[in-house]
Amino acid sequence: MKTVLATRSIEIPEGVEVEIKSRQVKVTGPLGTLNRDFKHVSMAMAVISEKDEEEEIEKKMVKVDIWFATRKQLACVRTICSHIENLFVGVTRGFLYKMRFVYSHFPINVTLTGDNVEIRNFLGERRVRKIKLLEGVNYVRSADVKDQIELSGIDITMVSLTAAKIQQATNIRHKDLRKFLDGIYVSEKGPTPIVEE
């Protein structure tokens, strides 16, 4: 069965500007600009203004409409709204992924050379694993916590993909995974915490 109209709207936070042109979303905020293309989903997107009757403030919102949608197309409405909310968080706060080194015997040695993360001495192997930092991702070695790195940036896709590539570079093959737990794993992730002064 098809639903006649599925609609959802997201409030645009203060200090964020949104431009939508033929399902290409451009979000500009204090930390930078992000672009996202949603042309693969047939739907209507627009920036609308709504007047709040209680506070008498005009609120700007992004409205997503899908007409005559099947169940799978209905799921896209919320997904796309989540992607747009992630763009808002990215340009206002940014994202931070923390990764910890886990090893039982051979200490993992991680260094940054240019824009490559180099992993040495993993399970005592001589091979150097190299992972390229994606565009807009910052790498920091934690000063207060031993064996921890922090990846940050405004684009959640780039930050999480870099973290995934680092984790997958230390995948163990041909051994019992219950026993060999060495690797670099994501320990914390989310928006960059707001520093209280």
# chains A, B, ... in the order shown; residues from 1 in each chain; ligands from 1
call {"tool": "residues_around", "arguments": {"residues": "Lys179 (chain A)", "least_positions_apart": "5", "cutoff": "12 Å", "atoms": "only C-alpha atoms", "output": "ChimeraX atom specification"}}
result
/A:103-104,172,174
call {"tool": "write_last_selection", "arguments": {"atoms": "all heavy atoms", "output": "mmCIF file, in the first residue's frame"}}
result
data_model
loop_
_atom_site.group_PDB
_atom_site.id
_atom_site.type_symbol
_atom_site.label_atom_id
_atom_site.label_comp_id
_atom_site.auth_asym_id
_atom_site.auth_seq_id
_atom_site.Cartn_x
_atom_site.Cartn_y
_atom_site.Cartn_z
ATOM 1 N N TYR A 103 46.445 -4.288 22.882
ATOM 2 C CA TYR A 103 47.486 -5.275 22.571
ATOM 3 C C TYR A 103 47.829 -6.066 23.825
ATOM 4 O O TYR A 103 47.718 -5.568 24.945
ATOM 5 C CB TYR A 103 48.744 -4.608 21.988
ATOM 6 C CG TYR A 103 49.315 -3.480 22.810
ATOM 7 C CD1 TYR A 103 50.187 -3.720 23.869
ATOM 8 C CD2 TYR A 103 48.979 -2.154 22.525
ATOM 9 C CE1 TYR A 103 50.710 -2.691 24.616
ATOM 10 C CE2 TYR A 103 49.495 -1.101 23.269
ATOM 11 C CZ TYR A 103 50.364 -1.377 24.309
ATOM 12 O OH TYR A 103 50.880 -0.352 25.055
ATOM 13 N N SER A 104 48.231 -7.331 23.623
ATOM 14 C CA SER A 104 48.563 -8.180 24.765
ATOM 15 C C SER A 104 50.076 -8.275 24.968
ATOM 16 O O SER A 104 50.544 -8.350 26.086
ATOM 17 C CB SER A 104 47.972 -9.571 24.571
ATOM 18 O OG SER A 104 48.444 -10.120 23.358
ATOM 19 N N ILE A 172 42.615 -9.099 12.067
ATOM 20 C CA ILE A 172 43.482 -10.273 12.186
ATOM 21 C C ILE A 172 42.880 -11.412 11.375
ATOM 22 O O ILE A 172 41.687 -11.708 11.502
ATOM 23 C CB ILE A 172 43.644 -10.675 13.662
ATOM 24 C CG1 ILE A 172 44.362 -9.561 14.410
ATOM 25 C CG2 ILE A 172 44.406 -11.985 13.796
ATOM 26 C CD1 ILE A 172 44.386 -9.703 15.890
ATOM 27 N N HIS A 174 43.301 -15.533 9.827
ATOM 28 C CA HIS A 174 43.882 -16.873 10.012
ATOM 29 C C HIS A 174 44.283 -17.153 11.465
ATOM 30 O O HIS A 174 45.191 -17.938 11.709
ATOM 31 C CB HIS A 174 45.098 -17.087 9.098
ATOM 32 C CG HIS A 174 44.861 -16.625 7.694
ATOM 33 N ND1 HIS A 174 43.790 -17.049 6.930
ATOM 34 C CD2 HIS A 174 45.538 -15.753 6.913
ATOM 35 C CE1 HIS A 174 43.831 -16.469 5.743
ATOM 36 N NE2 HIS A 174 44.873 -15.673 5.703
#
call {"tool": "closest_residue", "arguments": {"among": "A:Leu112, A:Val186, A:Ala169, A:Ile154", "to": "Arg129 (chain A)", "atoms": "only C-alpha atoms"}}
result
A:Ala169
call {"tool": "closest_residue", "arguments": {"among": "A:Asp37, A:Glu196, A:Glu54, A:Asp155", "to": "Asn86 (chain A)", "atoms": "only C-alpha atoms"}}
result
A:Asp155
call {"tool": "select_by_dssp", "arguments": {"residues": "region 73-152 of chain A", "states": "helix (DSSP H, G or I)", "output": "MDAnalysis selection string"}}
result
chainID A and resid 73:92 122:124
call {"tool": "write_last_selection", "arguments": {"atoms": "N, CA, C and O atoms", "output": "short mmCIF file (atom, residue, chain, number, x, y, z; two decimals), in the first residue's frame"}}
result
data_model
loop_
_atom_site.label_atom_id
_atom_site.label_comp_id
_atom_site.auth_asym_id
_atom_site.auth_seq_id
_atom_site.Cartn_x
_atom_site.Cartn_y
_atom_site.Cartn_z
N GLN A 73 10.42 3.54 0.68
CA GLN A 73 10.61 4.97 0.39
C GLN A 73 10.26 5.83 1.60
O GLN A 73 10.86 6.87 1.81
N LEU A 74 9.29 5.36 2.41
CA LEU A 74 8.93 6.10 3.63
C LEU A 74 10.11 6.16 4.59
O LEU A 74 10.31 7.15 5.29
N ALA A 75 10.89 5.07 4.64
CA ALA A 75 12.04 5.03 5.54
C ALA A 75 13.07 6.08 5.17
O ALA A 75 13.83 6.55 6.02
N CYS A 76 13.11 6.47 3.89
CA CYS A 76 14.09 7.46 3.42
C CYS A 76 13.86 8.84 4.03
O CYS A 76 14.80 9.61 4.17
N VAL A 77 12.60 9.14 4.38
CA VAL A 77 12.29 10.48 4.92
C VAL A 77 13.09 10.74 6.19
O VAL A 77 13.80 11.74 6.31
N ARG A 78 13.00 9.80 7.12
CA ARG A 78 13.70 9.98 8.40
C ARG A 78 15.22 9.91 8.19
O ARG A 78 15.97 10.64 8.83
N THR A 79 15.66 9.01 7.31
CA THR A 79 17.10 8.87 7.04
C THR A 79 17.68 10.18 6.55
O THR A 79 18.73 10.63 7.02
N ILE A 80 16.99 10.81 5.60
CA ILE A 80 17.51 12.05 5.02
C ILE A 80 17.48 13.17 6.05
O ILE A 80 18.41 13.97 6.12
N CYS A 81 16.45 13.19 6.90
CA CYS A 81 16.40 14.19 7.97
C CYS A 81 17.56 14.00 8.95
O CYS A 81 18.15 14.97 9.41
N SER A 82 17.91 12.74 9.22
CA SER A 82 19.05 12.46 10.10
C SER A 82 20.36 12.94 9.48
O SER A 82 21.22 13.50 10.16
N HIS A 83 20.50 12.72 8.15
CA HIS A 83 21.70 13.19 7.46
C HIS A 83 21.81 14.72 7.54
O HIS A 83 22.90 15.25 7.78
N ILE A 84 20.69 15.41 7.37
CA ILE A 84 20.70 16.88 7.41
C ILE A 84 21.01 17.37 8.83
O ILE A 84 21.76 18.33 9.02
N GLU A 85 20.46 16.67 9.84
CA GLU A 85 20.77 17.04 11.23
C GLU A 85 22.26 16.85 11.52
O GLU A 85 22.86 17.65 12.25
N ASN A 86 22.86 15.80 10.94
CA ASN A 86 24.30 15.58 11.11
C ASN A 86 25.11 16.71 10.46
O ASN A 86 26.18 17.08 10.95
N LEU A 87 24.60 17.25 9.35
CA LEU A 87 25.26 18.41 8.73
C LEU A 87 25.21 19.61 9.67
O LEU A 87 26.19 20.34 9.81
N PHE A 88 24.05 19.81 10.32
CA PHE A 88 23.90 20.93 11.26
C PHE A 88 24.88 20.80 12.43
O PHE A 88 25.54 21.76 12.82
N VAL A 89 24.95 19.58 12.99
CA VAL A 89 25.87 19.34 14.12
C VAL A 89 27.31 19.55 13.66
O VAL A 89 28.13 20.13 14.37
N GLY A 90 27.62 19.09 12.45
CA GLY A 90 28.98 19.21 11.91
C GLY A 90 29.45 20.65 11.80
O GLY A 90 30.56 20.98 12.21
N VAL A 91 28.59 21.53 11.26
CA VAL A 91 29.02 22.92 11.05
C VAL A 91 28.93 23.77 12.32
O VAL A 91 29.47 24.88 12.36
N THR A 92 28.27 23.25 13.37
CA THR A 92 28.20 24.01 14.62
C THR A 92 29.17 23.48 15.68
O THR A 92 29.84 24.25 16.35
N PHE A 122 52.49 -4.13 14.73
CA PHE A 122 51.22 -4.77 15.06
C PHE A 122 51.43 -6.29 15.06
O PHE A 122 51.84 -6.86 14.05
N LEU A 123 51.19 -6.91 16.19
CA LEU A 123 51.46 -8.35 16.41
C LEU A 123 52.92 -8.70 16.10
O LEU A 123 53.23 -9.82 15.71
N GLY A 124 53.80 -7.70 16.24
CA GLY A 124 55.22 -7.92 15.99
C GLY A 124 55.57 -8.03 14.51
O GLY A 124 56.70 -8.40 14.16
#
call {"tool": "residues_around", "arguments": {"residues": "Gly183 (chain A)", "least_positions_apart": "2", "cutoff": "8 Å", "atoms": "only C-alpha atoms", "output": "ChimeraX atom specification"}}
result
/A:101-103,122,167,170-171,181,185
call {"tool": "closest_residue", "arguments": {"among": "A:Lys130, A:Lys59, A:Arg100, A:Lys2", "to": "Lys146 (chain A)", "atoms": "only C-alpha atoms"}}
result
A:Arg100
call {"tool": "closest_residue", "arguments": {"among": "A:Leu151, A:Asp52, A:Phe38, A:Leu31", "to": "Arg93 (chain A)", "atoms": "only C-alpha atoms"}}
result
A:Leu31
call {"tool": "atom_distance", "arguments": {"atom1": "CA of Thr70 (chain A)", "atom2": "CA of Met1 (chain A)"}}
result
6.6 Å
call {"tool": "closest_residue", "arguments": {"among": "A:Glu14, A:His40, A:Asp147, A:Thr162", "to": "Thr111 (chain A)", "atoms": "only C-alpha atoms"}}
result
A:Asp147
call {"tool": "closest_residue", "arguments": {"among": "A:Gly136, A:Gly94, A:Gly153, A:Pro107", "to": "Ile194 (chain A)", "atoms": "only C-alpha atoms"}}
result
A:Gly94
call {"tool": "residues_around", "arguments": {"residues": "region 96-98 of chain A", "least_positions_apart": "3", "cutoff": "10 Å", "atoms": "only C-alpha atoms", "output": "PyMOL selection string"}}
result
chain A and resi 93+137-142+148-154+156+159-160+162-163+185-193
call {"tool": "select_by_dssp", "arguments": {"residues": "region 124-182 of chain A", "states": "strand (DSSP E or B)", "output": "ChimeraX atom specification"}}
result
/A:129-132,138-141,148-153
call {"tool": "write_last_selection", "arguments": {"atoms": "all heavy atoms", "output": "tab-separated table (two decimals), in the first residue's frame"}}
result
chain	number	residue	atom	x	y	z
A	129	ARG	N	51.58	-0.52	8.09
A	129	ARG	CA	50.24	-0.29	7.55
A	129	ARG	C	50.04	1.21	7.42
A	129	ARG	O	50.24	1.95	8.38
A	129	ARG	CB	49.18	-0.88	8.48
A	129	ARG	CG	49.20	-2.39	8.52
A	129	ARG	CD	48.43	-2.90	9.72
A	129	ARG	NE	48.13	-4.32	9.61
A	129	ARG	CZ	48.99	-5.29	9.88
A	129	ARG	NH1	50.23	-4.98	10.27
A	129	ARG	NH2	48.64	-6.55	9.76
A	130	LYS	N	49.64	1.66	6.22
A	130	LYS	CA	49.46	3.10	5.97
A	130	LYS	C	48.00	3.39	5.64
A	130	LYS	O	47.42	2.72	4.78
A	130	LYS	CB	50.34	3.57	4.82
A	130	LYS	CG	51.82	3.54	5.15
A	130	LYS	CD	52.66	4.03	4.01
A	130	LYS	CE	54.15	3.92	4.34
A	130	LYS	NZ	55.01	4.35	3.24
A	131	ILE	N	47.43	4.36	6.34
A	131	ILE	CA	46.04	4.78	6.09
A	131	ILE	C	46.04	6.28	5.84
A	131	ILE	O	46.55	7.06	6.65
A	131	ILE	CB	45.11	4.46	7.30
A	131	ILE	CG1	45.11	2.96	7.58
A	131	ILE	CG2	43.71	4.93	7.04
A	131	ILE	CD1	46.01	2.56	8.69
A	132	LYS	N	45.49	6.68	4.71
A	132	LYS	CA	45.46	8.10	4.35
A	132	LYS	C	44.33	8.79	5.10
A	132	LYS	O	43.21	8.29	5.12
A	132	LYS	CB	45.26	8.24	2.84
A	132	LYS	CG	45.51	9.64	2.33
A	132	LYS	CD	45.54	9.65	0.81
A	132	LYS	CE	45.54	11.00	0.16
A	132	LYS	NZ	46.25	12.06	0.80
A	138	ASN	N	41.18	15.73	11.21
A	138	ASN	CA	42.36	16.07	12.01
A	138	ASN	C	42.72	14.90	12.93
A	138	ASN	O	41.84	14.30	13.54
A	138	ASN	CB	42.09	17.31	12.87
A	138	ASN	CG	41.75	18.51	12.01
A	138	ASN	OD1	42.37	18.75	10.99
A	138	ASN	ND2	40.72	19.24	12.41
A	139	TYR	N	44.03	14.63	13.02
A	139	TYR	CA	44.53	13.53	13.85
A	139	TYR	C	45.27	14.12	15.04
A	139	TYR	O	46.12	14.99	14.86
A	139	TYR	CB	45.46	12.66	12.99
A	139	TYR	CG	46.30	11.66	13.75
A	139	TYR	CD1	45.93	10.32	13.83
A	139	TYR	CD2	47.50	12.03	14.38
A	139	TYR	CE1	46.71	9.40	14.50
A	139	TYR	CE2	48.28	11.12	15.05
A	139	TYR	CZ	47.88	9.80	15.11
A	139	TYR	OH	48.65	8.89	15.78
A	140	VAL	N	44.93	13.66	16.25
A	140	VAL	CA	45.63	14.12	17.46
A	140	VAL	C	45.92	12.90	18.33
A	140	VAL	O	45.05	12.04	18.53
A	140	VAL	CB	44.76	15.13	18.26
A	140	VAL	CG1	45.41	15.49	19.57
A	140	VAL	CG2	44.49	16.38	17.44
A	141	ARG	N	47.13	12.83	18.84
A	141	ARG	CA	47.50	11.77	19.80
A	141	ARG	C	47.16	12.32	21.19
A	141	ARG	O	47.67	13.38	21.58
A	141	ARG	CB	49.00	11.48	19.66
A	141	ARG	CG	49.49	10.31	20.50
A	141	ARG	CD	49.07	8.99	19.89
A	141	ARG	NE	49.47	7.88	20.71
A	141	ARG	CZ	50.44	7.03	20.40
A	141	ARG	NH1	51.12	7.18	19.27
A	141	ARG	NH2	50.72	6.02	21.19
A	148	GLN	N	45.91	6.28	22.93
A	148	GLN	CA	44.64	6.76	22.37
A	148	GLN	C	44.89	7.82	21.30
A	148	GLN	O	45.78	8.65	21.46
A	148	GLN	CB	43.75	7.34	23.47
A	148	GLN	CG	42.42	7.88	22.95
A	148	GLN	CD	41.49	8.31	24.06
A	148	GLN	OE1	40.91	7.48	24.74
A	148	GLN	NE2	41.35	9.61	24.25
A	149	ILE	N	44.12	7.75	20.21
A	149	ILE	CA	44.17	8.80	19.18
A	149	ILE	C	42.78	9.40	19.04
A	149	ILE	O	41.78	8.74	19.37
A	149	ILE	CB	44.68	8.27	17.81
A	149	ILE	CG1	43.81	7.15	17.28
A	149	ILE	CG2	46.13	7.85	17.90
A	149	ILE	CD1	44.14	6.74	15.84
A	150	GLU	N	42.75	10.65	18.58
A	150	GLU	CA	41.46	11.33	18.38
A	150	GLU	C	41.37	11.82	16.95
A	150	GLU	O	42.29	12.47	16.46
A	150	GLU	CB	41.33	12.50	19.36
A	150	GLU	CG	41.25	12.08	20.80
A	150	GLU	CD	41.21	13.25	21.78
A	150	GLU	OE1	40.97	14.39	21.33
A	150	GLU	OE2	41.44	13.02	22.97
A	151	LEU	N	40.25	11.50	16.30
A	151	LEU	CA	39.99	11.98	14.95
A	151	LEU	C	38.83	12.95	15.02
A	151	LEU	O	37.79	12.65	15.61
A	151	LEU	CB	39.62	10.80	14.02
A	151	LEU	CG	40.65	9.69	13.89
A	151	LEU	CD1	40.04	8.51	13.13
A	151	LEU	CD2	41.90	10.16	13.18
A	152	SER	N	39.00	14.13	14.42
A	152	SER	CA	37.93	15.12	14.48
A	152	SER	C	37.76	15.80	13.13
A	152	SER	O	38.69	15.82	12.31
A	152	SER	CB	38.22	16.17	15.56
A	152	SER	OG	39.46	16.80	15.30
A	153	GLY	N	36.57	16.36	12.91
A	153	GLY	CA	36.28	17.06	11.67
A	153	GLY	C	34.82	17.47	11.65
A	153	GLY	O	34.05	17.14	12.56
call {"tool": "atom_distance", "arguments": {"atom1": "CA of Glu17 (chain A)", "atom2": "CA of Phe95 (chain A)"}}
result
19.0 Å
call {"tool": "residues_around", "arguments": {"residues": "Val18 (chain A)", "least_positions_apart": "5", "cutoff": "7 Å", "atoms": "only C-alpha atoms", "output": "MDAnalysis selection string"}}
result
chainID A and resid 26:28
call {"tool": "atom_distance", "arguments": {"atom1": "CA of Val62 (chain A)", "atom2": "CA of Val47 (chain A)"}}
result
4.5 Å
call {"tool": "decode", "arguments": {"residues": "region 154-180 of chain A", "atoms": "N, CA, C and O atoms", "output": "compact mmCIF listing (two decimals), in the first residue's frame"}}
result
# COMPACT_ATOMS: atom_id res chain seq x y z
N ILE A 154 34.42 18.18 10.59
CA ILE A 154 33.03 18.64 10.53
C ILE A 154 32.14 17.69 9.72
O ILE A 154 30.93 17.71 9.88
N ASP A 155 32.75 16.84 8.90
CA ASP A 155 31.97 15.91 8.07
C ASP A 155 31.99 14.52 8.72
O ASP A 155 33.03 13.87 8.76
N ILE A 156 30.83 14.09 9.22
CA ILE A 156 30.75 12.80 9.93
C ILE A 156 31.16 11.64 9.02
O ILE A 156 31.75 10.66 9.46
N THR A 157 30.86 11.76 7.72
CA THR A 157 31.21 10.68 6.78
C THR A 157 32.71 10.48 6.72
O THR A 157 33.20 9.35 6.79
N MET A 158 33.45 11.58 6.58
CA MET A 158 34.91 11.49 6.45
C MET A 158 35.57 11.01 7.74
O MET A 158 36.49 10.20 7.72
N VAL A 159 35.09 11.52 8.89
CA VAL A 159 35.69 11.16 10.17
C VAL A 159 35.44 9.69 10.47
O VAL A 159 36.36 8.94 10.83
N SER A 160 34.20 9.24 10.29
CA SER A 160 33.87 7.84 10.61
C SER A 160 34.52 6.88 9.62
O SER A 160 34.94 5.78 10.01
N LEU A 161 34.65 7.30 8.36
CA LEU A 161 35.29 6.43 7.36
C LEU A 161 36.79 6.27 7.64
O LEU A 161 37.34 5.17 7.50
N THR A 162 37.43 7.35 8.10
CA THR A 162 38.84 7.27 8.48
C THR A 162 39.02 6.32 9.66
O THR A 162 39.92 5.48 9.69
N ALA A 163 38.12 6.44 10.67
CA ALA A 163 38.17 5.56 11.84
C ALA A 163 37.98 4.10 11.42
O ALA A 163 38.68 3.20 11.90
N ALA A 164 37.06 3.87 10.50
CA ALA A 164 36.78 2.50 10.04
C ALA A 164 37.99 1.92 9.30
O ALA A 164 38.34 0.76 9.46
N LYS A 165 38.66 2.77 8.49
CA LYS A 165 39.83 2.30 7.74
C LYS A 165 40.98 1.94 8.69
O LYS A 165 41.70 0.97 8.45
N ILE A 166 41.14 2.73 9.76
CA ILE A 166 42.20 2.44 10.74
C ILE A 166 41.88 1.13 11.46
O ILE A 166 42.75 0.27 11.65
N GLN A 167 40.61 0.95 11.84
CA GLN A 167 40.21 -0.27 12.53
C GLN A 167 40.38 -1.50 11.62
O GLN A 167 40.90 -2.53 12.05
N GLN A 168 39.99 -1.36 10.36
CA GLN A 168 40.07 -2.50 9.43
C GLN A 168 41.50 -2.83 9.02
O GLN A 168 41.79 -3.95 8.60
N ALA A 169 42.40 -1.84 9.14
CA ALA A 169 43.81 -2.11 8.82
C ALA A 169 44.41 -3.10 9.81
O ALA A 169 45.38 -3.79 9.50
N THR A 170 43.82 -3.15 11.02
CA THR A 170 44.35 -4.06 12.05
C THR A 170 43.47 -5.30 12.22
O THR A 170 43.43 -5.89 13.29
N ASN A 171 42.74 -5.66 11.16
CA ASN A 171 41.97 -6.91 11.20
C ASN A 171 42.94 -8.10 11.25
O ASN A 171 43.95 -8.09 10.55
N ILE A 172 42.61 -9.10 12.07
CA ILE A 172 43.48 -10.27 12.19
C ILE A 172 42.88 -11.41 11.38
O ILE A 172 41.69 -11.71 11.50
N ARG A 173 43.72 -12.03 10.52
CA ARG A 173 43.25 -13.13 9.69
C ARG A 173 43.99 -14.42 10.04
O ARG A 173 45.12 -14.37 10.51
N HIS A 174 43.30 -15.53 9.83
CA HIS A 174 43.88 -16.87 10.01
C HIS A 174 44.28 -17.15 11.46
O HIS A 174 45.19 -17.94 11.71
N LYS A 175 43.67 -16.48 12.41
CA LYS A 175 43.94 -16.77 13.83
C LYS A 175 42.61 -16.78 14.58
O LYS A 175 41.60 -16.27 14.09
N ASP A 176 42.63 -17.31 15.79
CA ASP A 176 41.42 -17.38 16.62
C ASP A 176 41.12 -15.99 17.17
O ASP A 176 41.87 -15.48 18.02
N LEU A 177 40.01 -15.39 16.73
CA LEU A 177 39.69 -14.00 17.12
C LEU A 177 39.29 -13.88 18.59
O LEU A 177 39.28 -12.78 19.13
N ARG A 178 38.96 -15.01 19.22
CA ARG A 178 38.63 -14.94 20.65
C ARG A 178 39.88 -14.75 21.48
O ARG A 178 39.83 -14.21 22.59
N LYS A 179 41.00 -15.21 20.94
CA LYS A 179 42.26 -15.13 21.66
C LYS A 179 43.06 -13.90 21.25
O LYS A 179 43.61 -13.18 22.08
N PHE A 180 43.13 -13.63 19.94
CA PHE A 180 43.90 -12.50 19.43
C PHE A 180 42.98 -11.29 19.31
O PHE A 180 42.30 -11.10 18.30
